[in-house]
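Chemist: Got a structure for you, written out below as structure tokens; questions coming shortly.
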Amino acid sequence: MNRTKPLHHTTVYLLIVGMIASLFQQPMTAAAAAPAASTATTTKTATAAVTKAGLPYDDIRSNYATEAIVNMTKLNFITGTGERRFEPDKAITRAEFVTLIDRLLGMEPVSGAIPAFADVLPAAWFYNWVETAIQLNLVQGTSPALFEPQRPVSREEAAVILARAWKQPLIPSSSVQDGLYSDQKQIDTWALPSVERLSRIRLMTGDQDGFRPLDSITRQEAAVLMNRAWTHAGWKDKLLASPSAAIQLGWQYGQTTKQFEQQVSQSVVNTVSPRWFFLGSSGGLEDQTDLSLLTWAHKQNKKVWAMVGNHASQETTHAMLSDSNQQRSFIQQLANRVRSSGIDGLNIDFENMMPEDRNAFTSFITALHQALNTVPAVLTVNVSPDFGTDWTDVFDYAALSANADYIVLMGYDEHWGGDPVPGSVSSLPWLRLGIDQILKKAPASKVILAMPLYTRDWTLGANGAYTSQGIDLLGQNRIVQAKKSVTKWDDTLGQYTSEYVDQLLLHRIWLEDGRSLTRKANLANAYSLAGCAYWYMGGESSDVWSSLRNANKFNHYDFS
């Protein structure tokens, strides 16, 4: 009787239904319910508008939630449960709720290769959406191994998820004053700051019975919460705005030009760095330029910063750096090639240099930068994190930063191939320390963070010593699935760890995936770095790019 009928009924009938419906209007019982005084007018206006337009479901009532349900359905943020069925009073599950949040935020579903929870398996319809929410830290499991996707989301849980999604500043629970709600003492300490904040901005409120923190959220209440966020002053414009274009650099390694182009097309990369130039053994320029890649990249509005390597030869590098004529000639060859080809910049990747070449290397970079300024073209220099070893003594970080456009911090190898101690290629604490160190000598606006698209499979030998083999992320994922290895998320390291036994030998892997790389991208954003780089294109699984697109978009949002 209180259902709103489709538009084709007579005007008289509609007026009668409207009067009857007004007699049966429900009081606000949702977490999302607005104050009664302001809702009466809103409900009448919404009901009239919806009646004229028609309803997408047969089982929704003309009440406080109708407009929100219709609006969120039109925008494809929320869907029904069947043919013209919405089930507005049904409790919404944890999986359903985070799916709505992901959609409203404009996030991509992530088909991560490493399941975060034992009860959220890849075959489930909500798997990709839960992975997205977990990677963005919008929600947590109910235990380290379980998510309980089908459990109804409580009101206090919803408040925490919403506060995270809308990146709201929170005060400590001890600072929340008494009297917020009559049942305030029933709100868990971990949820109280979120409840307080959402109440203050009128995104989620209580009713005459208090906040009712342990009650479930219904589907119609969830629609109201989503609609309130969408229509909150200025938020929709922020959701629809394009993220700022930070540098996203991808290196070519071991791929053909066509393979590289295909991988770049699927990625977040806007700047490509092919391995085109090398310092030859005689001190001259080895040129492997592929102009077809340059043409393709420019058609795709991507920059080309060609890599310049030294074959990791100390002797050849020292000879060039210590001979002013040879250095001048090499610089001129590089500048001429950049100018004649239309290359946008160079990426210097000199490895295994002698510590005594520190000043000469700085002079080389300074002179090369001056030469490229006349083109003009960008100069970037790859450096390792400064942990006081002789490997990095050659880098005068402050001088290099002052005499180049960007410094690329290679956020790897924390544990290298010959390391006797097994461990991560790039754990979050180690990476954070490396960033802290370089920012003492270079401004954040000049630092690009390079992240690994590879890891190592460590084997404990019969002699008690570890050896390792480098593997890309596709190989890593194949091992985890084939060996049915035990994986655990380590929140301190910011990555999964995995163990399996093969031929009676223990193997350990510190995994890199969309979740770990999202943490690293978040770190770059938190430090306001110039961008990120990826070694190497083709080492990733395709889901990684969905994760990083989500991270870039979410980090761009500011709902303050």
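Labels for the structure tokens follow display order: chains A, B, ..., residues from 1 in each chain, ligands from 1.
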Find the residues near stretch 409-412 of chain A: any atom within 6 Å, counting only C-alpha atoms, skip ones fewer than 2 places away on the same chain, and give them as a list in words.
Modeler: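 Contacts, with the query itself left out: Val383, Ser384, Glu414, Val425, Ser426, Leu449, Ala450 and Met451 of chain A.
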Chemist: Could the residues in this selection be saved with C-alpha atoms as a PDB file, in the first residue's frame?
Modeler:
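Once written, selection.pdb looks like this:
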```
ATOM      1  CA  VAL A 383      71.364   6.637  -6.749  1.00  0.00           C
ATOM      2  CA  SER A 384      71.234   3.963  -4.050  1.00  0.00           C
ATOM      3  CA  GLU A 414      67.829  -4.233   0.972  1.00  0.00           C
ATOM      4  CA  VAL A 425      64.235  -6.642  -1.342  1.00  0.00           C
ATOM      5  CA  SER A 426      62.497  -3.506  -0.078  1.00  0.00           C
ATOM      6  CA  LEU A 449      61.159   6.764  -5.671  1.00  0.00           C
ATOM      7  CA  ALA A 450      62.008   3.607  -7.640  1.00  0.00           C
ATOM      8  CA  MET A 451      60.194   0.432  -6.596  1.00  0.00           C
TER       9      MET A 451
END
```
Chemist: Do you know which residues are at most 10 Å from stretch 516-523 of chain A counting only C-alpha atoms, after dropping those on the same chain fewer than 6 positions away, and could you put them as a PDB file with N, CA and C atoms, in the first residue's frame?
Modeler:
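This is the output file part-v6.pdb:
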```pdb
ATOM      1  N   GLN A 135      43.823  -3.013   0.272  1.00  0.00           N
ATOM      2  CA  GLN A 135      45.048  -2.365  -0.185  1.00  0.00           C
ATOM      3  C   GLN A 135      45.063  -0.878   0.142  1.00  0.00           C
ATOM      4  N   LEU A 136      43.906  -0.245   0.121  1.00  0.00           N
ATOM      5  CA  LEU A 136      43.825   1.175   0.446  1.00  0.00           C
ATOM      6  C   LEU A 136      43.656   1.421   1.939  1.00  0.00           C
ATOM      7  N   ASN A 137      43.621   0.327   2.711  1.00  0.00           N
ATOM      8  CA  ASN A 137      43.484   0.411   4.167  1.00  0.00           C
ATOM      9  C   ASN A 137      42.169   1.066   4.586  1.00  0.00           C
ATOM     10  N   GLY A 411      64.903   2.142  -4.577  1.00  0.00           N
ATOM     11  CA  GLY A 411      64.431   1.589  -3.308  1.00  0.00           C
ATOM     12  C   GLY A 411      64.605   0.087  -3.207  1.00  0.00           C
ATOM     13  N   SER A 426      62.838  -4.899  -0.382  1.00  0.00           N
ATOM     14  CA  SER A 426      62.497  -3.506  -0.078  1.00  0.00           C
ATOM     15  C   SER A 426      61.380  -3.461   0.958  1.00  0.00           C
ATOM     16  N   SER A 427      61.750  -3.606   2.228  1.00  0.00           N
ATOM     17  CA  SER A 427      60.742  -3.516   3.288  1.00  0.00           C
ATOM     18  C   SER A 427      60.419  -2.051   3.561  1.00  0.00           C
ATOM     19  N   LEU A 428      59.254  -1.806   4.116  1.00  0.00           N
ATOM     20  CA  LEU A 428      58.796  -0.435   4.335  1.00  0.00           C
ATOM     21  C   LEU A 428      59.693   0.345   5.305  1.00  0.00           C
ATOM     22  N   LEU A 431      62.904   1.243   3.478  1.00  0.00           N
ATOM     23  CA  LEU A 431      62.642   2.229   2.433  1.00  0.00           C
ATOM     24  C   LEU A 431      62.413   3.608   3.038  1.00  0.00           C
ATOM     25  N   ARG A 432      61.666   3.645   4.128  1.00  0.00           N
ATOM     26  CA  ARG A 432      61.410   4.923   4.799  1.00  0.00           C
ATOM     27  C   ARG A 432      62.711   5.562   5.275  1.00  0.00           C
ATOM     28  N   ILE A 435      64.540   7.106   2.357  1.00  0.00           N
ATOM     29  CA  ILE A 435      63.950   8.389   1.958  1.00  0.00           C
ATOM     30  C   ILE A 435      64.346   9.479   2.946  1.00  0.00           C
ATOM     31  N   LEU A 449      60.966   8.030  -6.378  1.00  0.00           N
ATOM     32  CA  LEU A 449      61.159   6.764  -5.671  1.00  0.00           C
ATOM     33  C   LEU A 449      61.004   5.593  -6.628  1.00  0.00           C
ATOM     34  N   ALA A 450      62.060   4.802  -6.790  1.00  0.00           N
ATOM     35  CA  ALA A 450      62.008   3.607  -7.640  1.00  0.00           C
ATOM     36  C   ALA A 450      61.646   2.388  -6.804  1.00  0.00           C
ATOM     37  N   MET A 451      60.696   1.597  -7.312  1.00  0.00           N
ATOM     38  CA  MET A 451      60.194   0.432  -6.596  1.00  0.00           C
ATOM     39  C   MET A 451      60.468  -0.841  -7.394  1.00  0.00           C
ATOM     40  N   PRO A 452      60.626  -1.971  -6.702  1.00  0.00           N
ATOM     41  CA  PRO A 452      60.963  -3.219  -7.399  1.00  0.00           C
ATOM     42  C   PRO A 452      59.739  -3.976  -7.902  1.00  0.00           C
ATOM     43  N   LEU A 453      59.830  -4.439  -9.124  1.00  0.00           N
ATOM     44  CA  LEU A 453      58.831  -5.367  -9.667  1.00  0.00           C
ATOM     45  C   LEU A 453      59.448  -6.760  -9.742  1.00  0.00           C
ATOM     46  N   TRP A 489      50.521 -11.696   6.041  1.00  0.00           N
ATOM     47  CA  TRP A 489      50.777 -10.268   5.881  1.00  0.00           C
ATOM     48  C   TRP A 489      51.551  -9.757   7.086  1.00  0.00           C
ATOM     49  N   ASP A 490      52.647  -9.065   6.824  1.00  0.00           N
ATOM     50  CA  ASP A 490      53.449  -8.439   7.872  1.00  0.00           C
ATOM     51  C   ASP A 490      53.252  -6.937   7.759  1.00  0.00           C
ATOM     52  N   ASP A 491      52.475  -6.374   8.668  1.00  0.00           N
ATOM     53  CA  ASP A 491      52.125  -4.965   8.558  1.00  0.00           C
ATOM     54  C   ASP A 491      53.318  -4.057   8.817  1.00  0.00           C
ATOM     55  N   LEU A 493      56.544  -4.743   7.936  1.00  0.00           N
ATOM     56  CA  LEU A 493      57.336  -4.740   6.707  1.00  0.00           C
ATOM     57  C   LEU A 493      56.561  -4.177   5.523  1.00  0.00           C
ATOM     58  N   GLY A 494      55.224  -4.220   5.623  1.00  0.00           N
ATOM     59  CA  GLY A 494      54.400  -3.745   4.516  1.00  0.00           C
ATOM     60  C   GLY A 494      54.369  -4.697   3.344  1.00  0.00           C
ATOM     61  N   GLN A 495      54.387  -6.024   3.628  1.00  0.00           N
ATOM     62  CA  GLN A 495      54.347  -7.007   2.553  1.00  0.00           C
ATOM     63  C   GLN A 495      54.013  -8.388   3.113  1.00  0.00           C
ATOM     64  N   TYR A 496      53.632  -9.283   2.211  1.00  0.00           N
ATOM     65  CA  TYR A 496      53.395 -10.671   2.585  1.00  0.00           C
ATOM     66  C   TYR A 496      54.725 -11.412   2.657  1.00  0.00           C
ATOM     67  N   LEU A 529      57.035  13.351  -2.746  1.00  0.00           N
ATOM     68  CA  LEU A 529      58.097  13.145  -3.721  1.00  0.00           C
ATOM     69  C   LEU A 529      57.603  13.467  -5.133  1.00  0.00           C
ATOM     70  N   GLY A 531      57.592  11.665  -7.750  1.00  0.00           N
ATOM     71  CA  GLY A 531      56.919  10.573  -8.436  1.00  0.00           C
ATOM     72  C   GLY A 531      57.521   9.230  -8.096  1.00  0.00           C
ATOM     73  N   CYS A 532      57.201   8.238  -8.918  1.00  0.00           N
ATOM     74  CA  CYS A 532      57.664   6.866  -8.693  1.00  0.00           C
ATOM     75  C   CYS A 532      58.242   6.297  -9.989  1.00  0.00           C
ATOM     76  N   ALA A 533      59.078   5.286  -9.832  1.00  0.00           N
ATOM     77  CA  ALA A 533      59.654   4.578 -10.973  1.00  0.00           C
ATOM     78  C   ALA A 533      59.584   3.084 -10.700  1.00  0.00           C
ATOM     79  N   VAL A 544      48.843  -5.311 -10.586  1.00  0.00           N
ATOM     80  CA  VAL A 544      49.640  -4.283  -9.918  1.00  0.00           C
ATOM     81  C   VAL A 544      49.253  -2.891 -10.403  1.00  0.00           C
ATOM     82  N   TRP A 545      48.973  -2.769 -11.692  1.00  0.00           N
ATOM     83  CA  TRP A 545      48.655  -1.444 -12.226  1.00  0.00           C
ATOM     84  C   TRP A 545      47.296  -0.957 -11.744  1.00  0.00           C
ATOM     85  N   SER A 547      46.124  -1.635  -8.812  1.00  0.00           N
ATOM     86  CA  SER A 547      46.433  -1.217  -7.446  1.00  0.00           C
ATOM     87  C   SER A 547      47.061   0.170  -7.425  1.00  0.00           C
ATOM     88  N   LEU A 548      48.010   0.405  -8.312  1.00  0.00           N
ATOM     89  CA  LEU A 548      48.714   1.685  -8.317  1.00  0.00           C
ATOM     90  C   LEU A 548      47.850   2.814  -8.863  1.00  0.00           C
ATOM     91  N   ARG A 549      46.974   2.516  -9.818  1.00  0.00           N
ATOM     92  CA  ARG A 549      46.031   3.548 -10.262  1.00  0.00           C
ATOM     93  C   ARG A 549      45.119   3.947  -9.115  1.00  0.00           C
ATOM     94  N   ASN A 550      44.657   2.957  -8.359  1.00  0.00           N
ATOM     95  CA  ASN A 550      43.819   3.252  -7.201  1.00  0.00           C
ATOM     96  C   ASN A 550      44.574   4.098  -6.182  1.00  0.00           C
ATOM     97  N   ALA A 551      45.814   3.708  -5.904  1.00  0.00           N
ATOM     98  CA  ALA A 551      46.609   4.446  -4.919  1.00  0.00           C
ATOM     99  C   ALA A 551      46.819   5.886  -5.359  1.00  0.00           C
ATOM    100  N   ASN A 552      47.148   6.079  -6.629  1.00  0.00           N
ATOM    101  CA  ASN A 552      47.379   7.433  -7.133  1.00  0.00           C
ATOM    102  C   ASN A 552      46.117   8.280  -7.043  1.00  0.00           C
ATOM    103  N   PHE A 554      43.423   7.725  -5.022  1.00  0.00           N
ATOM    104  CA  PHE A 554      43.010   7.928  -3.632  1.00  0.00           C
ATOM    105  C   PHE A 554      43.928   8.931  -2.931  1.00  0.00           C
ATOM    106  N   ASN A 555      45.220   8.861  -3.201  1.00  0.00           N
ATOM    107  CA  ASN A 555      46.145   9.811  -2.589  1.00  0.00           C
ATOM    108  C   ASN A 555      45.882  11.239  -3.051  1.00  0.00           C
TER     109      ASN A 555
END
```
Chemist: Can you tell me which residues surround stretch 325-329 of chain A at a distance of at most 9 Å, considering only C-alpha atoms, apart from same-chain residues fewer than 5 positions away, and format the answer as a list in words?
Modeler: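 The residues satisfying every condition are Gly283, Gly284, Ala319, Met320, Leu334, Phe364, Ala367 and Leu368 of chain A.
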Chemist: Please produce a file of the residues just selected, as a compact mmCIF listing (two decimals), in the first residue's frame, where the atoms kept are N, CA and C atoms.
Modeler:
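Resulting contents of selection-v7.txt:
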```
# COMPACT_ATOMS: atom_id res chain seq x y z
N GLY A 283 85.41 4.29 -24.27
CA GLY A 283 85.02 5.61 -23.80
C GLY A 283 84.03 6.32 -24.70
N GLY A 284 83.65 5.70 -25.81
CA GLY A 284 82.68 6.30 -26.72
C GLY A 284 81.26 5.90 -26.38
N ALA A 319 88.05 5.69 -16.24
CA ALA A 319 88.85 6.26 -17.34
C ALA A 319 88.15 7.46 -17.97
N MET A 320 86.85 7.36 -18.17
CA MET A 320 86.11 8.47 -18.77
C MET A 320 86.03 9.66 -17.81
N LEU A 334 76.31 12.50 -26.24
CA LEU A 334 74.98 12.33 -25.65
C LEU A 334 74.06 13.49 -26.00
N PHE A 364 80.93 15.49 -13.90
CA PHE A 364 80.33 14.94 -15.12
C PHE A 364 78.85 15.28 -15.19
N ALA A 367 78.32 19.07 -15.85
CA ALA A 367 78.58 19.46 -17.25
C ALA A 367 77.51 18.91 -18.19
N LEU A 368 77.06 17.68 -17.94
CA LEU A 368 76.02 17.08 -18.78
C LEU A 368 74.71 17.85 -18.64
```
Chemist: Give me, as a list in words, all polymer residues having an atom no more than 10 Å from A:Gln220, counting only C-alpha atoms and skipping those fewer than 2 positions away in the same chain.
Modeler: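 Listed by chain and then number, they are Ala30, Ala32, Ile60, Arg61, Asn63, Tyr64, Ala65, Thr66, Ala68, Ile69, Phe86, Glu87, Pro88, Asp89, Lys90, Ala91, Ile92, Ile217, Thr218, Ala222, Ala223, Val224, Leu225 and Met226 of chain A.
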Chemist: May I have the selected residues written with C-alpha atoms, as a PDB file, in the first residue's frame?
Modeler:
```pdb
ATOM      1  CA  ALA A  30      19.237   5.027  10.255  1.00  0.00           C
ATOM      2  CA  ALA A  32      22.439   8.181   8.171  1.00  0.00           C
ATOM      3  CA  ILE A  60      11.220   0.509  -1.902  1.00  0.00           C
ATOM      4  CA  ARG A  61       9.013   2.828   0.096  1.00  0.00           C
ATOM      5  CA  ASN A  63      10.605   7.524   2.840  1.00  0.00           C
ATOM      6  CA  TYR A  64      13.846   9.208   3.857  1.00  0.00           C
ATOM      7  CA  ALA A  65      15.920   6.769   1.748  1.00  0.00           C
ATOM      8  CA  THR A  66      14.011   6.812  -1.550  1.00  0.00           C
ATOM      9  CA  ALA A  68      19.240   8.226  -2.152  1.00  0.00           C
ATOM     10  CA  ILE A  69      18.411   4.748  -3.475  1.00  0.00           C
ATOM     11  CA  PHE A  86      16.196  -3.910  -3.577  1.00  0.00           C
ATOM     12  CA  GLU A  87      15.364  -5.359  -0.132  1.00  0.00           C
ATOM     13  CA  PRO A  88      15.837  -2.011   1.631  1.00  0.00           C
ATOM     14  CA  ASP A  89      15.512  -3.393   5.169  1.00  0.00           C
ATOM     15  CA  LYS A  90      18.020  -6.186   4.667  1.00  0.00           C
ATOM     16  CA  ALA A  91      21.280  -5.820   6.578  1.00  0.00           C
ATOM     17  CA  ILE A  92      24.206  -4.986   4.308  1.00  0.00           C
ATOM     18  CA  ILE A 217      23.290  -1.074   8.717  1.00  0.00           C
ATOM     19  CA  THR A 218      20.456  -1.764   6.302  1.00  0.00           C
ATOM     20  CA  ALA A 222      23.836   2.454   3.266  1.00  0.00           C
ATOM     21  CA  ALA A 223      22.351   4.165   0.214  1.00  0.00           C
ATOM     22  CA  VAL A 224      21.674   7.269   2.290  1.00  0.00           C
ATOM     23  CA  LEU A 225      25.242   7.285   3.606  1.00  0.00           C
ATOM     24  CA  MET A 226      26.620   7.015   0.081  1.00  0.00           C
TER      25      MET A 226
END
```
Chemist: Near stretch 250-253 of chain A, within 7 Å and counting only C-alpha atoms, which residues show up once chain neighbours fewer than 6 positions away are dropped, as a VMD selection string?
Modeler: chain A and resid 260 269 271 to 275 533 to 537
Chemist: Show which residues sit within 8 Å of A:Pro420, as a PyMOL selection string. Count only C-alpha atoms, and ignore same-chain residues fewer than 2 positions away.
Modeler: chain A and resi 418+422+465-467
Chemist: Got a sec: who's within 6 Å of A:Ser468, counting only C-alpha atoms, leaving out chain neighbours fewer than 4 positions off, as a list of chain:residue names?
Modeler: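 The residues that qualify are A:Gly417, A:Arg456, A:Asp457, A:Trp458.
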Chemist: Those same residues, written as a PDB file, in the first residue's frame with N, CA and C atoms?
Modeler:
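New file out.pdb:
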```
ATOM      1  N   GLY A 417      71.401 -10.275  -3.965  1.00  0.00           N
ATOM      2  CA  GLY A 417      71.550 -11.662  -4.391  1.00  0.00           C
ATOM      3  C   GLY A 417      72.551 -12.467  -3.599  1.00  0.00           C
ATOM      4  N   ARG A 456      63.057 -12.100  -4.386  1.00  0.00           N
ATOM      5  CA  ARG A 456      64.016 -13.208  -4.368  1.00  0.00           C
ATOM      6  C   ARG A 456      63.401 -14.421  -3.667  1.00  0.00           C
ATOM      7  N   ASP A 457      63.690 -15.569  -4.221  1.00  0.00           N
ATOM      8  CA  ASP A 457      63.305 -16.848  -3.620  1.00  0.00           C
ATOM      9  C   ASP A 457      64.534 -17.365  -2.869  1.00  0.00           C
ATOM     10  N   TRP A 458      64.439 -17.375  -1.530  1.00  0.00           N
ATOM     11  CA  TRP A 458      65.564 -17.775  -0.684  1.00  0.00           C
ATOM     12  C   TRP A 458      65.444 -19.251  -0.323  1.00  0.00           C
TER      13      TRP A 458
END
```
Chemist: Stretch 122-226 of chain A: which residues are alpha helix (DSSP H) by DSSP, as number ranges by chain?
Modeler: A: 127-135, 155-165, 192-200, 219-226
Chemist: Can you pull out every residue from stretch 300-473 of chain A that DSSP, working from the backbone, puts in strand (DSSP E), and format the result as an NGL selection string?
Modeler: :A and (303-309 or 345-349 or 378-383 or 406-410 or 447-452 or 454-460 or 466-472)
Chemist: What is the atom CA of A:Thr455 to atom CA of A:Ile471 distance in Å?
Modeler: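 These two atoms are separated by 5.6 Å.
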Chemist: To one decimal in Å, tell me the separation between atom CA of A:Asp396 and atom CA of A:Leu439.
Modeler: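 Distance between the two atoms: 12.9 Å.
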Chemist: Which value, in Å to one decimal, gives the distance between atom CA of A:Asp513 and atom CA of A:Gly112?
Modeler: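 Calculated distance between atom CA of A:Asp513 and atom CA of A:Gly112 is 7.7 Å.
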Chemist: Taking only C-alpha atoms into account, name the residue in A:Ser182, A:Ser340, A:Ser528, A:Ser154 that is nearest to A:Asp207.
Modeler: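 The answer is A:Ser182, which sits nearest to A:Asp207.
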